[in-house]
Amino acid sequence: MGSCCSIPEEEPVDPDNPHGKPIQHDPNWEGPVKKRSCTDVVCLLLFLVLLVAWGGVAFLAFQEGDVKKLIHPTDSKGQICGGNGTLKDRPKLLFFDITECLNPAVITLGCPTPQICVEKCPTKTSISPNDIKPFCTSDGECPKYVLKSMDIFGRCIPDIKGSSDEKSDDKTVVTTTDGKELKEKEIKDASRRIMIFMSARNFFENAITDVKETWWMIGVGLILAFLLCMLWIFLMRFFAGILIWTSLIVLFVLFSGGFGYSVYKCDQAYKSEDKDVDKGLLEVNITPDYFFDVLKLKDTWLAFSIISGIFTLIILLIFIALRKRISLAIELINQGAVVVGKHCGSIFWPVVPFVLHLVVFAWFCVIGVLLTTTGVKEYKIVDQENCSASTKGYKVGDECDPENFDNSGCPTMMCTYTYQKNIFGDWKNWFNLFAFLWTMEFVTALGEFVLARTYSKWYWTPPAEKSAWKNCGCRTFSSIGTAFYHLGTLACGSLIIGIIRFIQAILNRVEKTLGKYNNELTKCLLCMCKCCLWCLEKFMRFINRNAYIICAIRSTNFCSSAKQAFSLLMRNPARTLVLNSVVSWLLWLGKLAIVAGIGVLSYFFFAKQIPIPELDGEIPNLTNGWLPTVLIVIGAYYIATSFFSVYSMAVDTLFLCLLEDLERNDGTLEKPYFGPKGLLKIVGKKQQFPDGHESHEMERI
């Protein structure tokens, strides 16, 4: 049992072999180590401590948190409207002067006007004391007027109808007892931003309705995506080359067609006399028709033209420049299809980490929601009209006691509550985020290790026994037992990625906080840091993936496995760069072809442009016709990602095993290769026995 990421003593660097000596032939080598010991135990203990601490934070969140604070509005004293006690029958929130709440972010926290819980919203506009009396506070403080309001998420918002007559905006809605005239425009401007919530509510209501009416169609689309992925993987075993080239052609046709269509729509937009097409993306009002309004803009179709044109050019260049490399990579993918076919259970293995990811994400969200309601409440003085810089010793921004606060010298001064905040927020929120990132990466590492162990075991099986290897899912799930020996190694690798992502989250928070200062130097430095962290994350994911493969084979700790994997890859830089990179691109393009095909088919289906007599009248007229298509595309993407991750891991494992096999053996009778003929063919190698006339040529790649 080793400590967390302990590295053996460094060997002197050989000038002729800066990345270490090639692996020597071992006549007793039988593939992945059978007798294993636990690795990186310290890291595993740290991970277990994290889970226990996360449980403690969850306990505090459940003890101190109150979801009602997010669902129900709160008055100026921080009491929940509709809560227990005297406010049980008062579920609505009324603002004394809605014109002071110019920012919707302060509707519930810090709005500089008294807020009171009421039984129901005012049904008419009035300054009559009898009409105002039901809306007074317990200490006798009353609003100067009430406006006819509607209930929006438990808040009383003035019901001011829109009008195309600009003169009506100067109409006086009400004159308060102190002679202040409230214009219709003033009230509409004050509540305009708040009204966005109503549009959002309508949007979500319509979205839910559309999903309810098309849920079975969305389900059929996802099932179709699942079957298409299954069919793709099955056909890859026999027609890998045809499918890869077909996917490239399909993508070229789709993107070139999209480029032509985008150019056509862009030309129409520029010729249009409609002034709305000149708007910027941020100038479009958020309404239920937001998506269609965006599609009318010149900038939208110009962006689509540029993006589709770039992808079309990339695919064309791939056709021209990488034809030979694609042929070699197809052979590697074909062998990946063979090994996946030999382990049919590995196709369904991604379901396990996917479910675990959902559980971890749900746990993180529940704790996060509860923690947002556990802030330390504090009361501070605000002043609506700055009537006095200092009254009775009070100053704006000072802490105050709402029970003993006296504003008789300055009626517009009030003691209202907020939650303590700082640049980094509550430590429990940050701990929740870090635990989430580490655990999610740990689950990902577990999924990769199980597949690496399964496929490496197949590779190091003698060639004579490979043909007798039966399709059995049990071999995949038996690798889970091996993974238990190396949970510490998985915890070590996932910790590194988790720390990098956590630092990225901190930088994003700092960038958001400092953005208001508009400092170009700060922006540049933050951008450079984020770019470096992004590159570091990608590099470490590459290292981790290969380290898990070596660990699955040799039962070494994380740092030793990472060092051995990196050295092995660096001793074969050309093969690593060309074959591995091209294979990754081809798998990504195959996934993109499936998702794009499902998306296009869904779009035309819901647009009723696919003639299916059996479904005449079954496709409803939807408020948001694009929503089912978007849901199907998102679902198809995750389904395809799960399936192709199996292929990607199979290819990476076979490739690393192949490199080690080429160093250990030379294809002679005494040192035969373990790899299958098709895989050896990729690098121009063949078994060379004394009684044969096999050539032993090496193709440069």
# chains A, B, ... in the order shown; residues from 1 in each chain; ligands from 1
>>> residues_around(residues="Val630 of chain A", least_positions_apart="4", cutoff="12 Å", atoms="only C-alpha atoms", output="PyMOL selection string")
chain A and resi 207+211+218+221-222+291+595-596+598-603+606+624-626+634-637
>>> closest_residue(among="A:Phe238, A:Phe259, A:Trp427, A:Phe655", to="Gly341 of chain A", atoms="only C-alpha atoms")
A:Phe238
>>> closest_residue(among="A:Gln115, A:Thr454, A:Ala225, A:Pro158", to="Glu141 of chain A", atoms="only C-alpha atoms")
A:Gln115
>>> atom_distance(atom1="atom CA of Thr125 of chain A", atom2="atom CA of Lys148 of chain A")
4.8 Å
>>> atom_distance(atom1="atom CA of Leu87 of chain A", atom2="atom CA of Asn130 of chain A")
21.4 Å
>>> residues_around(residues="Ile233 of chain A", least_positions_apart="6", cutoff="12 Å", atoms="only C-alpha atoms", output="compact mmCIF listing (two decimals) with N, CA and C atoms, in the first residue's frame")
# COMPACT_ATOMS: atom_id res chain seq x y z
N PHE A 226 -30.88 6.36 -29.29
CA PHE A 226 -30.26 5.21 -28.63
C PHE A 226 -30.06 4.06 -29.61
N LEU A 227 -31.12 3.77 -30.39
CA LEU A 227 -31.01 2.67 -31.36
C LEU A 227 -30.01 2.99 -32.46
N PHE A 239 -18.15 -2.35 -40.69
CA PHE A 239 -18.07 -1.33 -41.74
C PHE A 239 -17.52 -0.02 -41.18
N ALA A 240 -16.46 -0.10 -40.39
CA ALA A 240 -15.92 1.10 -39.76
C ALA A 240 -15.53 2.14 -40.81
N LEU A 243 -18.62 3.78 -42.50
CA LEU A 243 -19.35 4.67 -41.61
C LEU A 243 -18.58 5.96 -41.37
N ILE A 244 -17.27 5.86 -41.19
CA ILE A 244 -16.48 7.06 -40.94
C ILE A 244 -16.52 7.99 -42.15
N ILE A 333 -9.82 2.24 -35.10
CA ILE A 333 -11.22 2.26 -34.67
C ILE A 333 -11.87 0.90 -34.91
N ASN A 334 -11.51 0.27 -36.02
CA ASN A 334 -12.08 -1.05 -36.33
C ASN A 334 -11.69 -2.06 -35.26
N GLY A 336 -10.98 -1.26 -32.22
CA GLY A 336 -11.77 -0.87 -31.06
C GLY A 336 -13.16 -1.44 -31.12
N ALA A 337 -13.74 -1.49 -32.32
CA ALA A 337 -15.07 -2.08 -32.49
C ALA A 337 -15.04 -3.57 -32.18
N VAL A 338 -13.94 -4.23 -32.54
CA VAL A 338 -13.83 -5.66 -32.27
C VAL A 338 -13.82 -5.92 -30.77
N VAL A 339 -12.99 -5.16 -30.04
CA VAL A 339 -12.88 -5.41 -28.60
C VAL A 339 -14.16 -5.02 -27.88
N VAL A 340 -14.85 -3.98 -28.36
CA VAL A 340 -16.14 -3.62 -27.76
C VAL A 340 -17.16 -4.72 -28.01
N GLY A 341 -17.10 -5.29 -29.23
CA GLY A 341 -18.00 -6.40 -29.53
C GLY A 341 -17.72 -7.63 -28.68
N CYS A 344 -19.66 -7.01 -24.82
CA CYS A 344 -20.92 -6.30 -25.06
C CYS A 344 -21.41 -5.59 -23.80
N SER A 346 -19.70 -3.81 -21.87
CA SER A 346 -19.08 -2.49 -21.74
C SER A 346 -19.92 -1.41 -22.41
N ILE A 347 -20.77 -1.80 -23.36
CA ILE A 347 -21.63 -0.81 -24.02
C ILE A 347 -22.60 -0.19 -23.03
N LEU A 587 -14.03 10.05 -34.08
CA LEU A 587 -15.10 9.66 -33.16
C LEU A 587 -16.00 10.85 -32.84
N GLY A 590 -18.19 11.43 -35.80
CA GLY A 590 -19.26 10.44 -35.84
C GLY A 590 -20.38 10.77 -34.88
N LYS A 591 -20.01 11.20 -33.67
CA LYS A 591 -21.02 11.60 -32.68
C LYS A 591 -21.79 12.82 -33.18
N ILE A 594 -24.42 11.85 -35.79
CA ILE A 594 -25.63 11.27 -35.21
C ILE A 594 -26.52 12.35 -34.62
N ALA A 640 -25.20 9.79 -27.20
CA ALA A 640 -24.07 9.53 -28.10
C ALA A 640 -22.74 9.67 -27.37
N SER A 642 -22.15 9.02 -24.24
CA SER A 642 -21.96 7.82 -23.40
C SER A 642 -21.47 6.65 -24.24
N PHE A 643 -22.08 6.46 -25.41
CA PHE A 643 -21.69 5.34 -26.27
C PHE A 643 -20.28 5.54 -26.83
N PHE A 644 -19.99 6.73 -27.30
CA PHE A 644 -18.69 6.95 -27.93
C PHE A 644 -17.56 7.05 -26.91
N SER A 645 -17.89 7.34 -25.64
CA SER A 645 -16.86 7.31 -24.61
C SER A 645 -16.31 5.90 -24.44
N VAL A 646 -17.17 4.90 -24.63
CA VAL A 646 -16.72 3.51 -24.58
C VAL A 646 -15.72 3.26 -25.70
N TYR A 647 -16.06 3.71 -26.90
CA TYR A 647 -15.15 3.54 -28.04
C TYR A 647 -13.84 4.26 -27.83
N SER A 648 -13.93 5.50 -27.32
CA SER A 648 -12.73 6.29 -27.11
C SER A 648 -11.80 5.62 -26.12
>>> residues_around(residues="Trp363 of chain A", least_positions_apart="6", cutoff="12 Å", atoms="only C-alpha atoms", output="list in words")
Leu51, Trp54, Gly55, Val57, Ala58, Ala61, Phe62, Leu356, His357, Val369, Leu370, Asn432, Leu433, Ala435, Phe436, Thr439 and Met440 of chain A
>>> closest_residue(among="A:Leu251, A:Lys120, A:Cys142, A:Asp40", to="Ile315 of chain A", atoms="only C-alpha atoms")
A:Leu251
>>> closest_residue(among="A:Trp438, A:Leu586, A:Asp276, A:Asp26", to="Gly241 of chain A", atoms="only C-alpha atoms")
A:Leu586
>>> closest_residue(among="A:Cys527, A:Ala321, A:Ile314, A:Cys266", to="Asp299 of chain A", atoms="only C-alpha atoms")
A:Cys266
>>> atom_distance(atom1="atom CA of Met150 of chain A", atom2="atom CA of Ser128 of chain A")
19.6 Å
>>> residues_around(residues="segment 669-681 of chain A", least_positions_apart="5", cutoff="8 Å", atoms="only C-alpha atoms", output="ChimeraX atom specification")
/A:25,27,331-332,335,459-463,658,661-662,664,686-690
>>> closest_residue(among="A:Leu60, A:Ala53, A:Ile318, A:Leu446", to="Phe477 of chain A", atoms="only C-alpha atoms")
A:Leu446
